[in-house]
Each structure stands twice: as structure tokens, then as C-alpha cells.
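Notes to accompany the following structure.
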Amino acid sequence: MNDTVWTRNEIESPCINICVIHPEARLCTGCLRSIDEITMWSRMEPQARQAIMTDLPSRKALIAKRRGGRAGRLNRS
């Protein structure tokens, strides 16, 4: 009898279940990945996923900018 516990090798993911795509940056506001990265994530090599994970903190600035409230909306046209 084999007493080893069966485990799965889960794919590390930055997903935090806040799946909203930022309209200008085209990044998920939860995990900061692009739609293409999210789509391909489970098929990527571990090295590719790690490269993206390393880059994610630098993407925060792309969506953290204030849009200026009402004045910002009026100036977008």
C-alpha cells in the first residue's frame, strides 16, 4: 500500500478574483495581466509565467492614475 498523499502541481496565478479590464491600459485591475496573458496562462511555460509575475508590480502605475473626476471626463472628448 502506498501512503503518499496525492498532490497537484497548481499553476501559480496572480488572480485575486477581481476581473475588470481597465479600458485604457487593457489590463485586469485585479491581477494586472493583459487579456492575452490571462487567456494563455495555463498553457505558458513556468519561466514565462515567472517573467510576467516579476513584471506585474511595475504595471500598477498604469492603472493607478486618477482620471480627474468630472473635469477629467469633460476633457476626454
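Order determines the names: the first chain of the C-alpha cells is A, the second B, and so forth; residues in each chain are numbered 1 upward, and ligands are numbered 1 upward as they are shown.
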
Residues within 12 Å of Cys15 (chain A), only C-alpha atoms, excluding chain neighbours under 4 positions, as a list in words: Ile11, Cys19, Val20, Cys28, Thr29, Gly30, Cys31, Leu32, Arg33, Ser34, Glu37, Ile38, Trp41, Met53 and Leu56 of chain A

Shell of 12 Å around Asp36 (chain A), only C-alpha atoms, local chain residues under 6 positions omitted, as number ranges by chain: A: 21, 26-28, 42-44, 52

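In this model, the gap between CA of Ile63 (chain A) and CA of Glu24 (chain A) comes to 8.3 Å.
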
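For the pair CA of Ile16 (chain A) and CA of Ala51 (chain A), the interatomic distance is 18.5 Å.
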
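Picture a line from CA of Ser13 (chain A) to CA of Arg49 (chain A); it runs 8.3 Å.
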
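Nearest residue to His22 (chain A) among A:Val5, A:Leu62, A:Ala48, A:Leu74 is A:Leu62, counting only C-alpha atoms.
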